[in-house]
file upload_31.txt (compact mmCIF, C-alpha atoms and all ligand atoms)
# COMPACT_ATOMS: atom_id res chain seq x y z
CA MET U 495 157.80 59.60 -56.57
CA GLU U 496 154.85 61.01 -58.42
CA GLN U 497 152.43 59.70 -55.80
CA SER U 498 153.73 61.74 -52.91
CA GLN U 499 153.06 64.99 -54.78
CA LYS U 500 149.41 64.27 -55.24
CA LYS U 501 146.97 65.15 -52.51
CA VAL U 502 145.83 62.20 -50.46
CA VAL U 503 142.10 61.48 -50.53
CA PHE U 504 140.38 59.20 -48.04
CA SER U 505 136.77 58.13 -48.06
CA ALA U 506 134.72 55.17 -46.96
CA ILE U 507 131.26 53.77 -47.30
CA GLN U 508 129.39 51.33 -45.11
CA PRO U 509 128.54 47.95 -46.68
CA SER U 510 125.12 47.89 -45.09
CA GLY U 511 122.85 46.45 -47.76
CA THR U 512 122.56 47.19 -51.44
CA ILE U 513 124.16 50.23 -52.98
CA THR U 514 121.61 52.76 -54.21
CA LEU U 515 121.61 55.18 -57.11
CA GLY U 516 122.05 57.84 -54.41
CA ASN U 517 125.26 56.20 -53.12
CA TYR U 518 126.51 55.91 -56.67
CA LEU U 519 125.80 59.44 -57.91
CA GLY U 520 126.48 61.08 -54.55
CA ALA U 521 129.73 59.29 -53.70
CA ILE U 522 131.15 56.40 -55.68
CA LYS U 523 131.02 58.04 -59.09
CA ASN U 524 133.01 60.85 -57.61
CA TRP U 525 135.55 58.44 -56.10
CA GLN U 526 136.13 57.15 -59.60
CA VAL U 527 136.67 60.66 -60.94
CA MET U 528 139.02 61.59 -58.08
CA GLN U 529 141.30 58.59 -58.59
CA GLU U 530 142.47 60.15 -61.86
CA GLU U 531 143.78 63.23 -60.09
CA PHE U 532 144.60 62.26 -56.51
CA ASP U 533 146.29 59.60 -54.43
CA CYS U 534 143.13 57.85 -53.25
CA VAL U 535 142.53 55.47 -50.37
CA TYR U 536 139.01 54.07 -50.13
CA ALA U 537 137.55 51.68 -47.59
CA LEU U 538 134.51 49.58 -46.96
CA ALA U 539 133.71 50.63 -43.41
CA ASP U 540 132.55 47.25 -42.14
CA LEU U 541 133.60 47.96 -38.55
CA HIS U 542 131.17 50.87 -38.55
CA THR U 543 128.25 48.67 -39.56
CA ILE U 544 128.17 46.65 -36.33
CA THR U 545 127.11 49.71 -34.36
CA VAL U 546 123.71 48.50 -35.58
CA ARG U 547 122.95 44.80 -35.14
CA GLN U 548 123.76 42.71 -38.24
CA GLU U 549 122.87 39.15 -39.16
CA PRO U 550 126.28 37.44 -39.73
CA ALA U 551 125.58 35.61 -43.02
CA GLN U 552 123.86 38.66 -44.47
CA MET U 553 126.71 40.89 -43.32
CA ARG U 554 129.28 38.69 -45.10
CA LYS U 555 127.19 38.83 -48.27
CA ASN U 556 126.78 42.60 -47.99
CA ILE U 557 130.52 43.11 -47.70
CA ILE U 558 131.38 40.98 -50.73
CA ASP U 559 128.55 42.47 -52.78
CA ALA U 560 129.60 46.01 -51.92
CA TYR U 561 133.23 45.23 -52.65
CA ALA U 562 132.39 43.78 -56.09
CA SER U 563 129.91 46.60 -56.82
CA ILE U 564 132.42 49.32 -56.08
CA LEU U 565 135.04 47.66 -58.27
CA ALA U 566 132.35 47.43 -60.95
CA CYS U 567 131.77 51.19 -60.61
CA GLY U 568 135.31 51.69 -61.85
CA ILE U 569 137.37 51.94 -58.67
CA ASP U 570 140.59 50.62 -60.12
CA PRO U 571 142.96 48.72 -57.79
CA GLU U 572 145.82 49.86 -60.02
CA LYS U 573 145.00 53.49 -59.31
CA SER U 574 143.51 53.50 -55.81
CA VAL U 575 143.85 51.49 -52.65
CA PHE U 576 140.41 50.03 -51.97
CA PHE U 577 140.29 47.79 -48.93
CA ILE U 578 138.07 46.34 -46.23
CA GLN U 579 138.45 48.27 -42.97
CA SER U 580 138.40 45.24 -40.64
CA HIS U 581 141.36 43.75 -42.55
CA VAL U 582 143.59 46.53 -41.29
CA PRO U 583 143.78 46.31 -37.49
CA ALA U 584 145.39 49.75 -37.24
CA HIS U 585 141.90 51.28 -37.61
CA ALA U 586 140.61 49.70 -34.42
CA GLN U 587 143.90 50.40 -32.64
CA LEU U 588 144.03 54.09 -33.49
CA ALA U 589 140.30 54.41 -32.82
CA TRP U 590 140.87 53.32 -29.22
CA VAL U 591 143.65 55.85 -28.73
CA LEU U 592 141.65 58.65 -30.35
CA SER U 593 138.59 57.84 -28.26
CA CYS U 594 140.70 58.95 -25.30
CA TYR U 595 141.20 62.31 -27.03
CA THR U 596 137.54 62.78 -27.87
CA GLN U 597 135.27 64.35 -25.30
CA PHE U 598 131.98 62.92 -24.10
CA GLY U 599 130.41 66.31 -24.71
CA GLU U 600 131.59 66.39 -28.32
CA LEU U 601 130.20 62.94 -29.07
CA SER U 602 126.94 63.84 -27.34
CA ARG U 603 126.41 66.68 -29.80
CA MET U 604 126.61 64.46 -32.91
CA THR U 605 123.25 64.67 -34.63
CA GLN U 606 123.69 61.25 -36.24
CA PHE U 607 124.14 59.68 -32.80
CA LYS U 608 120.99 61.40 -31.59
CA ASP U 609 119.03 60.25 -34.65
CA LYS U 610 120.28 56.68 -34.45
CA SER U 611 119.57 56.53 -30.72
CA VAL U 612 115.95 57.24 -31.50
CA LYS U 613 115.88 54.76 -34.39
CA HIS U 614 117.63 51.97 -32.46
CA ALA U 615 116.38 52.76 -28.97
CA GLU U 616 116.76 49.11 -27.94
CA ASN U 617 120.50 49.10 -28.69
CA ILE U 618 122.24 52.38 -27.90
CA ASN U 619 125.66 50.78 -27.58
CA ALA U 620 129.02 52.39 -26.79
CA GLY U 621 130.20 51.83 -30.37
CA LEU U 622 127.33 53.88 -31.73
CA PHE U 623 128.49 56.67 -29.45
CA THR U 624 132.24 56.45 -30.25
CA TYR U 625 131.71 55.83 -33.97
CA PRO U 626 133.17 59.27 -34.87
CA SER U 627 136.49 58.36 -33.18
CA LEU U 628 136.75 55.33 -35.48
CA MET U 629 135.93 57.52 -38.46
CA ALA U 630 138.64 59.97 -37.34
CA ALA U 631 141.10 57.06 -37.14
CA ASP U 632 140.20 55.98 -40.69
CA ILE U 633 140.99 59.40 -42.05
CA LEU U 634 143.98 60.37 -39.93
CA LEU U 635 145.85 57.06 -40.41
CA TYR U 636 146.46 57.95 -44.06
CA GLN U 637 147.34 61.62 -43.49
CA ALA U 638 144.47 62.50 -45.80
CA ASP U 639 144.32 66.03 -47.21
CA LEU U 640 140.83 65.72 -48.64
CA VAL U 641 137.78 63.78 -47.54
CA PRO U 642 134.80 63.66 -49.89
CA VAL U 643 131.74 63.26 -47.70
CA GLY U 644 128.05 63.91 -47.89
CA GLN U 645 126.40 66.55 -45.80
CA ASP U 646 125.38 63.95 -43.20
CA GLN U 647 129.04 63.29 -42.39
CA GLN U 648 130.16 66.91 -42.21
CA GLN U 649 129.84 67.08 -38.44
CA HIS U 650 131.95 63.93 -38.04
CA LEU U 651 134.61 65.42 -40.29
CA GLU U 652 134.63 68.61 -38.25
CA LEU U 653 135.15 66.51 -35.11
CA THR U 654 138.01 64.67 -36.89
CA ARG U 655 139.67 68.01 -37.54
CA ASN U 656 139.28 68.96 -33.89
CA ILE U 657 140.76 65.67 -32.71
CA ALA U 658 143.71 66.04 -35.10
CA THR U 659 144.37 69.62 -34.06
CA ARG U 660 144.11 68.72 -30.38
CA PHE U 661 146.53 65.81 -30.74
CA ASN U 662 148.97 67.89 -32.76
CA GLY U 663 148.81 70.62 -30.12
CA LEU U 664 149.57 68.17 -27.31
CA TYR U 665 152.34 66.14 -28.99
CA SER U 666 153.63 68.23 -31.94
CA ASP U 667 152.61 67.73 -35.56
CA THR U 668 151.38 64.19 -36.09
CA PHE U 669 148.31 64.32 -38.28
CA THR U 670 147.41 66.21 -41.42
CA VAL U 671 144.25 68.17 -40.61
CA PRO U 672 141.90 67.09 -43.43
CA GLU U 673 139.59 69.30 -45.44
CA GLY U 674 136.13 68.29 -46.57
CA TYR U 675 135.68 67.94 -50.30
CA TYR U 676 132.27 68.68 -51.71
CA PRO U 677 132.20 68.22 -55.48
CA LYS U 678 129.77 70.39 -57.43
CA ALA U 679 128.53 67.47 -59.48
CA GLY U 680 127.85 65.20 -56.50
CA ALA U 681 124.11 65.02 -56.75
CA ARG U 682 122.11 64.58 -53.58
CA VAL U 683 119.57 62.07 -54.79
CA MET U 684 116.14 62.12 -53.17
CA SER U 685 113.48 59.42 -52.94
CA LEU U 686 111.42 59.07 -56.13
CA GLN U 687 108.31 58.71 -53.97
CA ASN U 688 109.00 61.25 -51.21
CA PRO U 689 111.35 63.71 -52.88
CA GLU U 690 111.73 65.72 -49.70
CA ASN U 691 113.65 62.77 -48.18
CA LYS U 692 117.00 61.36 -49.21
CA MET U 693 116.88 58.21 -51.37
CA SER U 694 117.30 55.35 -48.93
CA LYS U 695 117.27 51.58 -49.14
CA SER U 696 115.04 51.59 -46.06
CA ASP U 697 112.35 53.59 -47.87
CA THR U 698 109.04 51.92 -47.05
CA ASN U 699 107.93 52.33 -50.67
CA ILE U 700 110.18 50.16 -52.89
CA ASN U 701 109.56 52.49 -55.83
CA GLY U 702 111.29 55.32 -53.97
CA CYS U 703 114.73 53.76 -54.22
CA VAL U 704 116.71 52.66 -57.28
CA HIS U 705 119.41 50.09 -56.59
CA LEU U 706 122.69 49.98 -58.45
CA LEU U 707 121.94 46.43 -59.61
CA ASP U 708 118.26 46.87 -60.56
CA SER U 709 117.40 45.61 -64.06
CA THR U 710 116.64 48.04 -66.87
CA ASP U 711 112.92 47.24 -66.68
CA VAL U 712 112.74 47.81 -62.95
CA ILE U 713 114.65 51.10 -63.20
CA ILE U 714 112.36 52.44 -65.93
CA LYS U 715 109.27 51.34 -64.02
CA LYS U 716 110.42 53.13 -60.88
CA PHE U 717 111.09 56.36 -62.79
CA LYS U 718 107.72 56.16 -64.55
CA ARG U 719 106.10 56.11 -61.11
CA ALA U 720 108.17 58.97 -59.73
CA VAL U 721 106.16 61.59 -57.85
CA THR U 722 106.07 65.00 -59.57
CA ASP U 723 103.65 67.94 -59.32
CA SER U 724 100.66 69.30 -61.22
CA GLU U 725 102.37 72.09 -63.16
CA ALA U 726 103.45 69.83 -66.03
CA ILE U 727 106.43 72.01 -67.00
CA VAL U 728 109.94 70.60 -66.74
CA ARG U 729 111.78 73.40 -64.96
CA ARG U 730 113.71 73.81 -61.75
CA ALA U 731 111.79 75.77 -59.14
CA GLU U 732 111.16 75.90 -55.44
CA GLY U 733 108.42 73.53 -54.35
CA LYS U 734 108.99 71.21 -57.32
CA ASP U 735 110.99 68.69 -55.29
CA GLY U 736 110.16 65.74 -57.53
CA ILE U 737 111.10 67.47 -60.78
CA ASN U 738 114.19 69.09 -59.23
CA ASN U 739 115.34 65.64 -58.14
CA LEU U 740 114.75 64.13 -61.58
CA MET U 741 116.64 67.05 -63.14
CA ASN U 742 119.57 66.45 -60.76
CA ILE U 743 119.64 62.79 -61.66
CA TYR U 744 119.34 63.41 -65.39
CA SER U 745 122.05 66.03 -65.23
CA ALA U 746 124.35 63.70 -63.26
CA VAL U 747 124.04 60.88 -65.80
CA THR U 748 124.00 62.93 -69.04
CA GLY U 749 126.14 65.94 -68.09
CA LEU U 750 123.42 68.31 -69.36
CA SER U 751 122.79 71.66 -67.68
CA ASP U 752 119.39 72.72 -66.29
CA GLU U 753 118.88 74.98 -69.29
CA GLN U 754 119.62 72.19 -71.76
CA ILE U 755 117.22 69.89 -69.94
CA GLU U 756 114.48 72.52 -69.86
CA ASN U 757 114.93 73.08 -73.60
CA GLU U 758 114.91 69.38 -74.41
CA PHE U 759 111.58 68.93 -72.65
CA ALA U 760 109.91 72.24 -73.51
CA GLY U 761 106.33 71.52 -74.54
CA LYS U 762 106.60 67.87 -73.50
CA GLY U 763 104.86 66.23 -70.58
CA TYR U 764 106.25 64.67 -67.42
CA GLY U 765 105.69 61.21 -68.89
CA ASP U 766 108.31 61.82 -71.59
CA PHE U 767 110.71 63.31 -69.09
CA LYS U 768 110.38 60.48 -66.57
CA LEU U 769 110.90 57.90 -69.28
CA ALA U 770 113.98 59.72 -70.57
CA VAL U 771 115.50 59.90 -67.07
CA GLY U 772 114.75 56.23 -66.46
CA GLU U 773 116.32 55.20 -69.75
CA ALA U 774 119.40 57.34 -69.21
CA VAL U 775 119.91 55.93 -65.70
CA ALA U 776 119.39 52.36 -66.88
CA GLU U 777 121.91 52.86 -69.72
CA ASN U 778 124.38 54.33 -67.24
CA LEU U 779 124.06 51.45 -64.79
CA ARG U 780 123.96 48.61 -67.32
CA PRO U 781 127.74 48.23 -67.80
CA ILE U 782 128.20 48.41 -64.02
CA ARG U 783 125.69 45.62 -63.48
CA GLU U 784 127.34 43.50 -66.16
CA LYS U 785 130.77 44.01 -64.63
CA TYR U 786 129.38 43.19 -61.18
CA GLU U 787 127.86 39.96 -62.47
CA ALA U 788 131.21 38.86 -63.85
CA LEU U 789 133.10 39.88 -60.70
CA ILE U 790 130.77 38.28 -58.19
CA LYS U 791 131.30 34.91 -59.87
CA ASP U 792 135.05 35.26 -59.56
CA LYS U 793 135.55 34.84 -55.83
CA ALA U 794 139.24 34.02 -56.28
CA TYR U 795 139.89 37.35 -57.97
CA LEU U 796 137.91 39.28 -55.35
CA GLU U 797 139.80 37.63 -52.52
CA GLU U 798 143.16 38.21 -54.14
CA SER U 799 142.23 41.82 -54.71
CA TYR U 800 141.04 42.66 -51.18
CA LYS U 801 143.95 40.80 -49.61
CA ALA U 802 146.47 42.76 -51.66
CA ALA U 803 144.67 45.99 -50.79
CA ALA U 804 144.79 45.19 -47.08
CA VAL U 805 148.55 44.71 -47.28
CA ALA U 806 148.94 47.99 -49.17
CA ALA U 807 146.74 49.89 -46.70
CA SER U 808 148.52 48.38 -43.67
CA LEU U 809 151.89 49.43 -45.05
CA ARG U 810 150.69 52.94 -45.71
CA CYS U 811 149.34 53.55 -42.23
CA ARG U 812 151.98 51.76 -40.16
CA LYS U 813 154.21 54.77 -39.66
CA THR U 814 151.41 57.00 -38.46
CA LEU U 815 150.18 54.48 -35.91
CA GLN U 816 153.71 53.95 -34.59
CA LYS U 817 154.29 57.66 -34.30
CA VAL U 818 151.08 58.05 -32.33
CA MET U 819 151.87 55.18 -29.95
CA LYS U 820 155.36 56.54 -29.29
CA LYS U 821 154.19 60.08 -28.72
CA VAL U 822 151.52 58.99 -26.28
CA GLY U 823 154.05 57.06 -24.24
CA PHE U 824 153.71 53.38 -25.10
CA VAL U 825 156.89 51.32 -24.82
CA PHE U 826 158.53 49.88 -27.95
N1 LIG T 901 130.55 57.12 -41.53
C1 LIG T 901 130.51 57.13 -42.95
C2 LIG T 901 129.07 56.88 -43.43
O1 LIG T 901 128.30 56.24 -42.75
C3 LIG T 901 131.39 56.08 -43.54
C4 LIG T 901 132.79 56.33 -43.15
C5 LIG T 901 133.52 55.62 -42.26
C6 LIG T 901 133.63 57.38 -43.65
N2 LIG T 901 134.78 56.13 -42.16
C7 LIG T 901 134.88 57.20 -43.00
C8 LIG T 901 133.46 58.42 -44.57
C9 LIG T 901 135.95 58.07 -43.24
C10 LIG T 901 134.52 59.27 -44.83
C11 LIG T 901 135.75 59.10 -44.16
O2 LIG T 901 128.73 57.31 -44.51

call {"tool": "encode", "arguments": {"input": "upload_31.txt", "output": "structure tokens"}}
result
Amino acid sequence: MEQSQKKVVFSAIQPSGTITLGNYLGAIKNWQVMQEEFDCVYALADLHTITVRQEPAQMRKNIIDAYASILACGIDPEKSVFFIQSHVPAHAQLAWVLSCYTQFGELSRMTQFKDKSVKHAENINAGLFTYPSLMAADILLYQADLVPVGQDQQQHLELTRNIATRFNGLYSDTFTVPEGYYPKAGARVMSLQNPENKMSKSDTNINGCVHLLDSTDVIIKKFKRAVTDSEAIVRRAEGKDGINNLMNIYSAVTGLSDEQIENEFAGKGYGDFKLAVGEAVAENLRPIREKYEALIKDKAYLEESYKAAAVAASLRCRKTLQKVMKKVGFVF
């Protein structure tokens, strides 16, 4: 059983709108790399998305689009389990149990909850508050060793570790206590228009955000308009947020080091650099977009694929859920 010797990786992403270049370079590209080395379980965290109000038809479209996009990014159903969270009821079941082992005080300290409560002041629902217990359930169900997450999820992962350790302490070893996994190459992509903020699909300036499925022309146009500075030297330095961001992106898509990039553009202006980054990104995303366009037309294949993945995920997490229920005292 080769699989059982590999470390188990779990990660998930919310299907809440289009996937951005930031999601791709910061997370999904790394998922694809990890599936070569680890036993990977990946989910579309659709249950998490309803903590913020969704329009039903749009939500369905977002889920299918995200599913097809992530397959197009090279997540291979032969190598990884990639499923839709709501298709595996064990997530909601374990989340309920774990919410009874998560303290009000702990959840109150989550900075994402505080931020989202400000942003969605009209709808501070209980799910928004207990969201980290669901995330803990996602991870702990698969006995994950490693969880690749961005910095914004680090606090939730720390809470997951606390919940796991607490449960293990009360009932004997039940859960693997997962470690965060922060790959060196996982670029944190910033807005092209406000490079001190993370690239986000909710950026008010559409030129700030590159989408995974943007056309070559649109991608190049957005990079040409990227905000830089007045020094006109391509080099990494404090205060040069725009250029630093473009260097990160260029490095992520070409594999070049800072030094190689600085040499390539020595004596050249920002115009040349921005065009080169735009072209490199567009070339990188083109095969993904083409694959997506083929996949999204093939609804039968998509359905077959996510149904098979749900069965595989359910089988994998059944034992853990049963163990938990027994230990807590439910009758079988
Ligand atoms: N909360 C994560 C986000 O918004 C998505 C997520 C849900 C997740 N469950 C997870 C990430 C488990 C890692 C592990 O980005």

call {"tool": "residues_around", "arguments": {"input": "upload_31.txt", "residues": "U:Ser799", "least_positions_apart": "5", "cutoff": "9 Å", "atoms": "all atoms listed in the file", "output": "list in words"}}
result
Pro571, Phe576, Phe577, Ala794 and Ala804 of chain U

call {"tool": "closest_residue", "arguments": {"input": "upload_31.txt", "among": "U:Val535, U:Ile790, U:Ile578, U:Ala630", "to": "ligand LIG 901 (chain T)", "atoms": "only C-alpha atoms and all ligand atoms"}}
result
U:Ala630

call {"tool": "residues_near_ligand", "arguments": {"input": "upload_31.txt", "ligand": "ligand LIG 901 (chain T)", "cutoff": "10 Å", "atoms": "all atoms listed in the file", "output": "PDB file with C-alpha atoms, in the frame of the given file"}}
result
ATOM      1  CA  VAL U 503     142.100  61.480 -50.530  1.00  0.00           C
ATOM      2  CA  PHE U 504     140.380  59.200 -48.040  1.00  0.00           C
ATOM      3  CA  SER U 505     136.770  58.130 -48.060  1.00  0.00           C
ATOM      4  CA  ALA U 506     134.720  55.170 -46.960  1.00  0.00           C
ATOM      5  CA  ILE U 507     131.260  53.770 -47.300  1.00  0.00           C
ATOM      6  CA  GLN U 508     129.390  51.330 -45.110  1.00  0.00           C
ATOM      7  CA  PRO U 509     128.540  47.950 -46.680  1.00  0.00           C
ATOM      8  CA  SER U 510     125.120  47.890 -45.090  1.00  0.00           C
ATOM      9  CA  ASN U 517     125.260  56.200 -53.120  1.00  0.00           C
ATOM     10  CA  ALA U 521     129.730  59.290 -53.700  1.00  0.00           C
ATOM     11  CA  VAL U 535     142.530  55.470 -50.370  1.00  0.00           C
ATOM     12  CA  TYR U 536     139.010  54.070 -50.130  1.00  0.00           C
ATOM     13  CA  ALA U 537     137.550  51.680 -47.590  1.00  0.00           C
ATOM     14  CA  LEU U 538     134.510  49.580 -46.960  1.00  0.00           C
ATOM     15  CA  ALA U 539     133.710  50.630 -43.410  1.00  0.00           C
ATOM     16  CA  ASP U 540     132.550  47.250 -42.140  1.00  0.00           C
ATOM     17  CA  LEU U 541     133.600  47.960 -38.550  1.00  0.00           C
ATOM     18  CA  HIS U 542     131.170  50.870 -38.550  1.00  0.00           C
ATOM     19  CA  THR U 543     128.250  48.670 -39.560  1.00  0.00           C
ATOM     20  CA  GLN U 579     138.450  48.270 -42.970  1.00  0.00           C
ATOM     21  CA  HIS U 585     141.900  51.280 -37.610  1.00  0.00           C
ATOM     22  CA  GLN U 606     123.690  61.250 -36.240  1.00  0.00           C
ATOM     23  CA  TYR U 625     131.710  55.830 -33.970  1.00  0.00           C
ATOM     24  CA  PRO U 626     133.170  59.270 -34.870  1.00  0.00           C
ATOM     25  CA  SER U 627     136.490  58.360 -33.180  1.00  0.00           C
ATOM     26  CA  LEU U 628     136.750  55.330 -35.480  1.00  0.00           C
ATOM     27  CA  MET U 629     135.930  57.520 -38.460  1.00  0.00           C
ATOM     28  CA  ALA U 630     138.640  59.970 -37.340  1.00  0.00           C
ATOM     29  CA  ALA U 631     141.100  57.060 -37.140  1.00  0.00           C
ATOM     30  CA  ASP U 632     140.200  55.980 -40.690  1.00  0.00           C
ATOM     31  CA  ILE U 633     140.990  59.400 -42.050  1.00  0.00           C
ATOM     32  CA  LEU U 634     143.980  60.370 -39.930  1.00  0.00           C
ATOM     33  CA  ALA U 638     144.470  62.500 -45.800  1.00  0.00           C
ATOM     34  CA  LEU U 640     140.830  65.720 -48.640  1.00  0.00           C
ATOM     35  CA  VAL U 641     137.780  63.780 -47.540  1.00  0.00           C
ATOM     36  CA  PRO U 642     134.800  63.660 -49.890  1.00  0.00           C
ATOM     37  CA  VAL U 643     131.740  63.260 -47.700  1.00  0.00           C
ATOM     38  CA  GLY U 644     128.050  63.910 -47.890  1.00  0.00           C
ATOM     39  CA  GLN U 645     126.400  66.550 -45.800  1.00  0.00           C
ATOM     40  CA  ASP U 646     125.380  63.950 -43.200  1.00  0.00           C
ATOM     41  CA  GLN U 647     129.040  63.290 -42.390  1.00  0.00           C
ATOM     42  CA  GLN U 648     130.160  66.910 -42.210  1.00  0.00           C
ATOM     43  CA  HIS U 650     131.950  63.930 -38.040  1.00  0.00           C
ATOM     44  CA  LEU U 651     134.610  65.420 -40.290  1.00  0.00           C
ATOM     45  CA  THR U 654     138.010  64.670 -36.890  1.00  0.00           C
ATOM     46  CA  GLY U 674     136.130  68.290 -46.570  1.00  0.00           C
TER      47      GLY U 674
END

call {"tool": "residues_around", "arguments": {"input": "upload_31.txt", "residues": "stretch 777-780 of chain U", "least_positions_apart": "5", "cutoff": "8 Å", "atoms": "all atoms listed in the file", "output": "ChimeraX atom specification"}}
result
/U:706-707,709-710,747

call {"tool": "atom_distance", "arguments": {"input": "upload_31.txt", "atom1": "atom CA of U:Val527", "atom2": "atom CA of U:His705"}}
result
20.7 Å
